[in-house]
Every structure is written in structure tokens, then in C-alpha cells.
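data-v7.cif (mmCIF, C-alpha atoms) appears below.
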data_upload
#
loop_
_atom_site.label_atom_id
_atom_site.label_comp_id
_atom_site.auth_asym_id
_atom_site.auth_seq_id
_atom_site.Cartn_x
_atom_site.Cartn_y
_atom_site.Cartn_z
CA MET A 998 136.83 176.87 15.12
CA ASP A 999 138.42 177.71 18.46
CA PHE A 1000 141.68 179.63 17.88
CA SER A 1001 142.30 180.35 21.58
CA ARG A 1002 144.89 177.60 21.92
CA PHE A 1003 146.98 178.86 18.99
CA ASN A 1004 149.90 181.29 19.04
CA ARG A 1005 149.77 183.77 16.13
CA LYS A 1006 153.39 184.90 16.50
CA SER A 1007 155.00 181.56 15.81
CA ARG A 1008 156.49 180.20 12.59
CA GLY A 1009 156.17 183.31 10.47
CA GLY A 1010 152.53 183.98 11.29
CA ILE A 1011 151.31 180.40 10.81
CA LEU A 1012 149.00 179.39 13.61
CA VAL A 1013 150.76 176.88 15.87
CA PRO A 1014 149.15 175.14 18.86
CA ASP A 1015 150.56 176.31 22.20
CA SER A 1016 151.03 172.65 23.13
CA ASP A 1017 153.52 172.28 20.25
CA ILE A 1018 155.47 175.30 21.47
CA ALA A 1019 155.59 173.90 25.01
CA ALA A 1020 156.80 170.56 23.66
CA GLN A 1021 159.55 172.29 21.67
CA SER A 1022 160.61 174.17 24.81
CA ARG A 1023 160.82 170.95 26.79
CA ARG A 1024 162.82 169.29 24.01
CA GLY A 1025 165.15 172.28 23.92
CA ARG A 1026 165.84 172.03 27.63
CA CYS A 1027 166.47 168.29 27.36
CA ASP A 1028 168.70 168.75 24.30
CA GLY A 1029 170.66 171.43 26.17
CA LEU A 1030 171.16 169.15 29.17
CA MET A 1031 172.22 166.25 26.93
CA HIS A 1032 174.66 168.52 25.08
CA SER A 1033 176.13 169.66 28.40
CA MET A 1034 176.58 166.08 29.56
CA LEU A 1035 178.11 164.95 26.25
CA MET A 1036 180.52 167.90 26.33
CA GLY A 1037 181.67 167.01 29.83
CA GLY A 1038 179.43 169.39 31.75
CA GLY A 1039 177.91 166.57 33.79
CA ALA A 1040 174.63 166.62 35.66
CA PRO A 1041 173.35 169.88 37.16
CA ASP A 1042 174.70 170.80 40.59
CA THR A 1043 171.82 170.07 42.96
CA ARG A 1044 173.59 171.21 46.12
CA PRO A 1045 171.87 174.12 47.90
CA VAL A 1046 173.27 177.59 48.43
CA VAL A 1047 174.31 177.52 52.10
CA THR A 1048 174.61 180.43 54.55
CA TRP A 1049 173.98 180.97 58.24
CA ASN A 1050 170.24 180.78 58.84
CA PRO A 1051 168.61 184.01 60.12
CA LEU A 1052 165.56 181.93 61.11
CA ASP A 1053 167.68 179.46 63.07
CA ALA A 1054 169.94 181.75 65.10
CA HIS A 1055 169.90 182.85 68.72
CA ALA A 1056 168.15 186.20 69.10
CA SER A 1057 171.46 187.81 70.11
CA MET A 1058 173.37 186.44 67.11
CA SER A 1059 173.52 189.08 64.38
CA LEU A 1060 174.03 188.06 60.74
CA SER A 1061 175.56 190.16 57.96
CA ASN A 1062 177.55 189.86 54.72
CA GLY A 1063 174.75 187.98 52.98
CA ASN A 1064 174.26 185.84 56.13
CA LEU A 1065 177.82 184.51 55.84
CA THR A 1066 179.08 186.39 58.93
CA ALA A 1067 177.68 185.77 62.43
CA THR A 1068 178.37 188.17 65.30
CA PRO A 1069 177.41 187.36 68.93
CA LEU A 1070 175.91 190.41 70.62
CA SER A 1071 175.50 188.80 74.04
CA SER A 1072 177.92 187.27 76.53
CA ALA A 1073 175.20 185.34 78.37
CA GLY A 1074 175.83 181.81 79.62
CA THR A 1075 178.30 179.57 77.86
CA GLY A 1076 177.68 180.84 74.36
CA ILE A 1077 175.00 181.36 71.74
CA ALA A 1078 174.74 179.53 68.44
CA VAL A 1079 173.52 179.64 64.84
CA ARG A 1080 172.87 176.78 62.42
CA ALA A 1081 173.42 176.80 58.66
CA THR A 1082 170.50 176.81 56.24
CA SER A 1083 171.06 173.23 55.07
CA TYR A 1084 171.49 170.02 57.00
CA ILE A 1085 174.12 167.48 56.00
CA THR A 1086 172.96 164.75 53.60
CA GLN A 1087 176.34 163.38 52.53
CA SER A 1088 179.99 163.58 53.51
CA CYS A 1089 181.02 167.18 52.92
CA TYR A 1090 183.46 170.00 53.66
CA TRP A 1091 183.26 173.63 54.78
CA GLU A 1092 185.54 176.26 56.33
CA MET A 1093 185.26 178.66 59.27
CA MET A 1094 187.18 181.63 60.61
CA ALA A 1095 186.81 183.77 63.73
CA ASN A 1096 187.71 187.44 63.39
CA ASN A 1097 189.25 189.25 66.39
CA SER A 1098 187.93 186.64 68.80
CA TRP A 1099 187.41 187.16 72.50
CA GLY A 1100 190.40 185.85 74.43
CA GLY A 1101 188.67 183.27 76.65
CA ALA A 1102 189.61 179.65 76.05
CA GLN A 1103 186.75 177.29 76.82
CA TYR A 1104 183.70 178.99 75.33
CA ALA A 1105 185.28 181.73 73.23
CA TRP A 1106 184.06 180.17 70.02
CA LEU A 1107 183.29 176.66 68.86
CA CYS A 1108 182.76 175.28 65.39
CA GLY A 1109 181.24 171.93 64.50
CA ALA A 1110 177.80 170.49 63.80
CA ILE A 1111 174.56 170.22 65.78
CA SER A 1112 171.10 168.73 65.30
CA ALA A 1113 167.84 170.65 65.00
CA THR A 1114 167.06 169.86 68.66
CA HIS A 1115 170.31 171.31 70.07
CA THR A 1116 169.66 174.52 71.99
CA LEU A 1117 170.89 177.79 70.49
CA ALA A 1118 171.44 179.18 73.99
CA ALA A 1119 174.62 177.20 74.67
CA ALA A 1120 177.98 176.35 73.19
CA LEU A 1121 178.10 173.63 70.54
CA GLY A 1122 178.05 170.22 72.20
CA LYS A 1123 176.54 171.64 75.41
CA GLY A 1124 173.13 170.50 74.17
CA THR A 1125 171.71 167.43 72.44
CA TYR A 1126 172.76 166.51 69.87
CA GLY A 1127 176.02 167.74 68.39
CA GLY A 1128 179.65 168.54 68.94
CA GLY A 1129 182.02 171.46 68.81
CA HIS A 1130 185.72 172.20 69.20
CA THR A 1131 187.25 175.44 70.45
CA LYS A 1132 190.27 177.30 69.14
CA ALA A 1133 192.15 176.40 72.33
CA GLY A 1134 191.68 172.63 72.34
CA TYR A 1135 188.48 172.11 74.34
CA TRP A 1136 185.62 170.00 72.97
CA TYR A 1137 182.04 169.06 73.86
CA ILE A 1138 179.77 166.27 72.57
CA ASP A 1139 176.03 165.70 73.13
CA ASN A 1140 176.02 167.45 76.51
CA SER A 1141 177.50 164.26 77.93
CA SER A 1142 181.24 164.31 77.32
CA SER A 1143 183.93 166.94 77.14
CA GLY A 1144 187.66 167.30 77.32
CA GLY A 1145 190.70 169.43 76.80
CA PRO A 1146 192.89 171.09 76.32
CA ASP A 1147 193.99 168.44 73.84
CA GLY A 1148 197.04 170.29 72.56
CA THR A 1149 195.39 171.73 69.46
CA SER A 1150 195.29 175.44 68.73
CA TRP A 1151 194.27 177.42 65.66
CA GLY A 1152 193.89 180.92 67.06
CA ASP A 1153 192.02 183.90 65.64
CA ASN A 1154 191.88 185.05 62.02
CA ILE A 1155 192.93 181.57 60.90
CA ARG A 1156 190.69 179.36 58.81
CA VAL A 1157 189.55 175.99 60.06
CA GLY A 1158 188.73 173.29 57.52
CA ILE A 1159 185.96 170.90 58.57
CA ASP A 1160 185.26 167.49 57.05
CA PHE A 1161 182.06 165.71 58.05
CA ASP A 1162 182.05 161.94 57.47
CA TYR A 1163 178.38 161.17 56.93
CA SER A 1164 178.67 157.39 57.37
CA THR A 1165 180.37 157.58 60.79
CA ARG A 1166 179.06 161.00 61.96
CA THR A 1167 182.64 162.11 62.61
CA ILE A 1168 183.82 165.73 62.40
CA TYR A 1169 187.46 166.31 61.39
CA PHE A 1170 189.11 169.68 62.10
CA TYR A 1171 192.10 171.08 60.19
CA LYS A 1172 194.14 174.24 60.70
CA LEU A 1173 194.74 176.18 57.48
CA ALA A 1174 197.72 178.50 57.80
CA LEU A 1175 200.79 179.50 55.80
CA GLY A 1176 199.63 177.48 52.83
CA SER A 1177 199.39 174.23 54.78
CA MET A 1178 196.59 172.10 56.21
CA VAL A 1179 197.30 170.43 59.56
CA PHE A 1180 194.97 167.91 61.20
CA GLN A 1181 193.86 169.08 64.65
CA ALA A 1182 191.16 166.82 66.10
CA ALA A 1183 188.19 164.54 65.40
CA LEU A 1184 184.86 164.25 67.21
CA SER A 1185 182.50 161.28 66.80
CA LEU A 1186 178.82 162.06 67.37
CA SER A 1187 176.57 159.48 69.00
CA ASN A 1188 173.24 160.33 67.35
CA ASN A 1189 172.22 159.81 63.71
CA GLY A 1190 171.19 163.45 63.29
CA PRO A 1191 170.57 165.00 60.85
CA TYR A 1192 173.22 167.61 61.59
CA TYR A 1193 173.81 171.19 60.49
CA PRO A 1194 177.10 173.11 60.28
CA ALA A 1195 177.08 175.48 63.25
CA VAL A 1196 179.10 177.93 65.30
CA SER A 1197 178.76 179.37 68.80
CA GLY A 1198 180.51 182.05 70.81
CA ILE A 1199 180.48 184.59 73.61
CA GLY A 1200 180.92 188.28 73.03
CA SER A 1201 179.46 191.74 72.75
CA GLY A 1202 179.80 192.45 69.05
CA SER A 1203 183.59 192.71 69.07
CA TYR A 1204 184.23 189.59 66.98
CA SER A 1205 182.48 187.51 64.35
CA PHE A 1206 182.52 184.18 62.52
CA ASN A 1207 182.76 183.76 58.77
CA GLY A 1208 181.39 180.66 57.07
CA TYR A 1209 182.76 179.45 53.72
CA PHE A 1210 180.36 176.87 52.34
CA ASN A 1211 181.16 176.65 48.62
CA SER A 1212 184.40 175.79 46.85
CA ALA A 1213 184.73 179.25 45.27
CA SER A 1214 185.07 180.83 48.72
CA GLN A 1215 187.31 178.15 50.22
CA VAL A 1216 191.10 178.23 50.29
CA SER A 1217 191.63 174.47 50.38
CA ALA A 1218 190.06 171.27 49.12
CA SER A 1219 188.79 168.64 51.52
CA PRO A 1220 191.66 166.40 52.74
CA ARG A 1221 189.28 163.43 52.53
CA GLY A 1222 188.05 164.29 49.05
CA TYR A 1223 184.57 165.45 50.11
CA PRO A 1224 182.65 168.07 48.10
CA ALA A 1225 181.82 171.47 49.56
CA ILE A 1226 178.44 171.39 51.31
CA GLY A 1227 177.07 174.22 49.15
CA LYS A 1228 177.37 175.50 45.60
#
Could you render the structure from this file as C-alpha cells?
Amino acid sequence: MDFSRFNRKSRGGILVPDSDIAAQSRRGRCDGLMHSMLMGGGAPDTRPVVTWNPLDAHASMSLSNGNLTATPLSSAGTGIAVRATSYITQSCYWEMMANNSWGGAQYAWLCGAISATHTLAAALGKGTYGGGHTKAGYWYIDNSSSGGPDGTSWGDNIRVGIDFDYSTRTIYFYKLALGSMVFQAALSLSNNGPYYPAVSGIGSGSYSFNGYFNSASQVSASPRGYPAIGK
């Protein structure tokens, strides 16, 4: 008799087929999931862990802090960019903050969302496709339209809340300061995407951008009721 498929350490020394043990393991996992759902735990969180993507950043954009902080090391052109590790598959929310930003207005730093085809060698919205808004009220969309200043301003070391409406491809920007959330602007993108959270800036290592992609790191909930993009 072939004993190779039996496990001698199971059930007090009684030989038990490995297939039975595997089946018990599967049942245990299913029972655990069912227990979690019955006790209010709900389905598992399938959202990805999101950071800035070291494989999808301009060569002069340095990442640190577990790839949650992006620092431009070059002042070339009108900015350099980095995309997040996950593209947007549903309406979602994330937050951004620039630390000790360069003082220029138009291209100092932009936050928003861009597609996989948008160049990383330009400010957000200065390529196709995507859009970005600056701290001083300037905005760019799909390398075809721009404007500003539009009267908005969120300054440095202040968090910006960003809602992305997946059905309309609209980006909503909010200023988070002094315990309040104030709507700033909205940009409607013309292409279906998909889009990635992104940031761009000009500098020489003197300032950086922090991304806050999960609810534990965020200081506010989405004004439109969207979930955080990451877990």
C-alpha cells in the first residue's frame, strides 16, 4: 500500500490523507470568512496598498518614506512628475501636501491625476492625458486647456483633499486647514483614462510632496463619500 499521500502527524498518529487535511484547511478559511461576515466584519478589503511608484517616476524624482514622499531633484522644464502605483478603478479619495515648496506660482507643484501615456517630463496636464491644479490657482488639462489664477490658494504645508469622480472623470480639490475642508476647484478630464493619482513639481531637493492614500493616514473623510483609494 502506498503511504506517501498520508500525514503521520495528524489525528493522534492515525494516518490521514493529505487531501483531507487540505480540505479541512479550506473549510477553516471559509468558516473564518463566514464568521467575520456574520459578525459584521464584511468582505475582505480588496483595495491595493498605494504609494508613489518608483518604476513610474521621472529619473530626477527621488522617493523616500516608504515611497510616500516624492522630492524633485531637477528644475528642468515645467516640472517633473510621478504616478501612484495603482490606477483609479472607482470613485475615490486621497490627500496631498507639499513641504517647504518652491515659491513660484505656475509650475511650483501640481496635484491631480494623469494617464499612463502622460509624459513624466512636464507638469500635470501639460501632457496627454490628465489634469493638475497648482497651489496658486493655475490649472492644466490634457495639454490643450489651461487657466488661472482662479482665486484658489492652499499654500505650502497644507493638506489638499482630492475626490475623483470615476463616472464623470472629474477631480475635486479641497483645502484642509484649521479643522475645516473648503472646496477649491474642479477639473473635468476629456479622456476615459485610466488615470493615476500624480504630482509634479520644480525644484532642487529643497521641497517634497507627501501622499496619503489610505484612511488611516488621512485627516478628513471624502466630502462626496468616496472611499480612500488604498488600504
- Query: For the atom pair atom CA of A:Ala1105 and atom CA of A:Gly1198, what is the interatomic distance in Å to one decimal place?
  - Reply: 5.4 Å
- Query: What would the list of residues within 12 Å of (186.2, 165.0, 47.1) (file frame) look like as a ChimeraX atom specification, if only C-alpha atoms are what count?
  - Reply: /A:1087-1091,1160-1162,1212,1217-1226
- Which residues fall under the PyMOL selection byres ((chain A and resi 1061) around 12) in this file, as a ChimeraX atom specification? /A:1048-1051,1058-1060,1062-1069,1205-1208
- Step by step, work through what the PyMOL selection byres ((chain A and resi 1183) around 12) selects in the shown file, and finish by giving those residues as a PyMOL selection string. chain A and resi 1109+1128-1130+1134-1138+1147+1149+1158-1162+1165-1171+1180-1182+1184-1186
- Message: List as a VMD selection string the residues having at least one atom at most 12 Å from position (170.7, 165.7, 52.0) as given in the file, counting all atoms listed in the file.
- Response: chain A and resid 1043 to 1045 1082 to 1089 1163 1190 to 1193 1226 to 1227
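Residue nearest A:Val1157 within the list A:Asp1139, A:Leu1173, A:Ala1078, A:Ser1187: A:Leu1173 [criterion: smallest interatomic distance, only C-alpha atoms].
Among the candidate residues A:Leu1070, A:Asp1053, A:Ala1118, A:Leu1107, the one lying nearest to A:Gly1200 is A:Leu1070, with distances computed using only C-alpha atoms.
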- Using the chain letters and numbers from the file, give me the residues hit by the PyMOL selection byres ((chain A and resi 1133) around 8), as a VMD selection string. chain A and resid 1102 to 1103 1131 to 1132 1134 to 1135 1146 1148 to 1152
Let me know the centre plus edge lengths, in Å and rounded to one decimal, of a box with edges along x, y and z that contains all listed atoms of stretch 1185-1204 of chain A and is padded by 4 Å on every side, as JSON.
{"center_x": 177.4, "center_y": 176.1, "center_z": 66.9, "size_x": 21.7, "size_y": 41.2, "size_z": 21.3}
- Query: What is the distance, in Å and to one decimal place, between atom CA of A:Asn1154 and atom CA of A:Ile1199?
  - Reply: 16.3 Å
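The space separating atom CA of A:Gly1122 from atom CA of A:Gln1215 comes to 25.1 Å.
With distances restricted to only C-alpha atoms, A:Trp1106 is the closest residue to A:Tyr1204 from A:Trp1106, A:Ala1056, A:Val1047, A:Ala1081.
The shortest atom-to-atom distance to A:Ser1201, with only C-alpha atoms taken into account, belongs to A:Ser1071 out of A:Glu1092, A:His1055, A:Ser1071, A:Pro1041.
Nearest residue to A:Ala1095, choosing from A:Val1179, A:Ala1174, A:Ala1195, A:Cys1108 and counting all atoms listed in the file: A:Cys1108.
The protein and nucleic acid residues lying at most 9 Å from A:His1115 are A:Ile1111, A:Ser1112, A:Ala1118, A:Ala1119, A:Leu1121, A:Gly1122, A:Lys1123, A:Gly1124, A:Thr1125, A:Tyr1126, A:Gly1127, A:Asp1139, with all atoms listed in the file considered and sequence neighbours fewer than 3 positions away removed.
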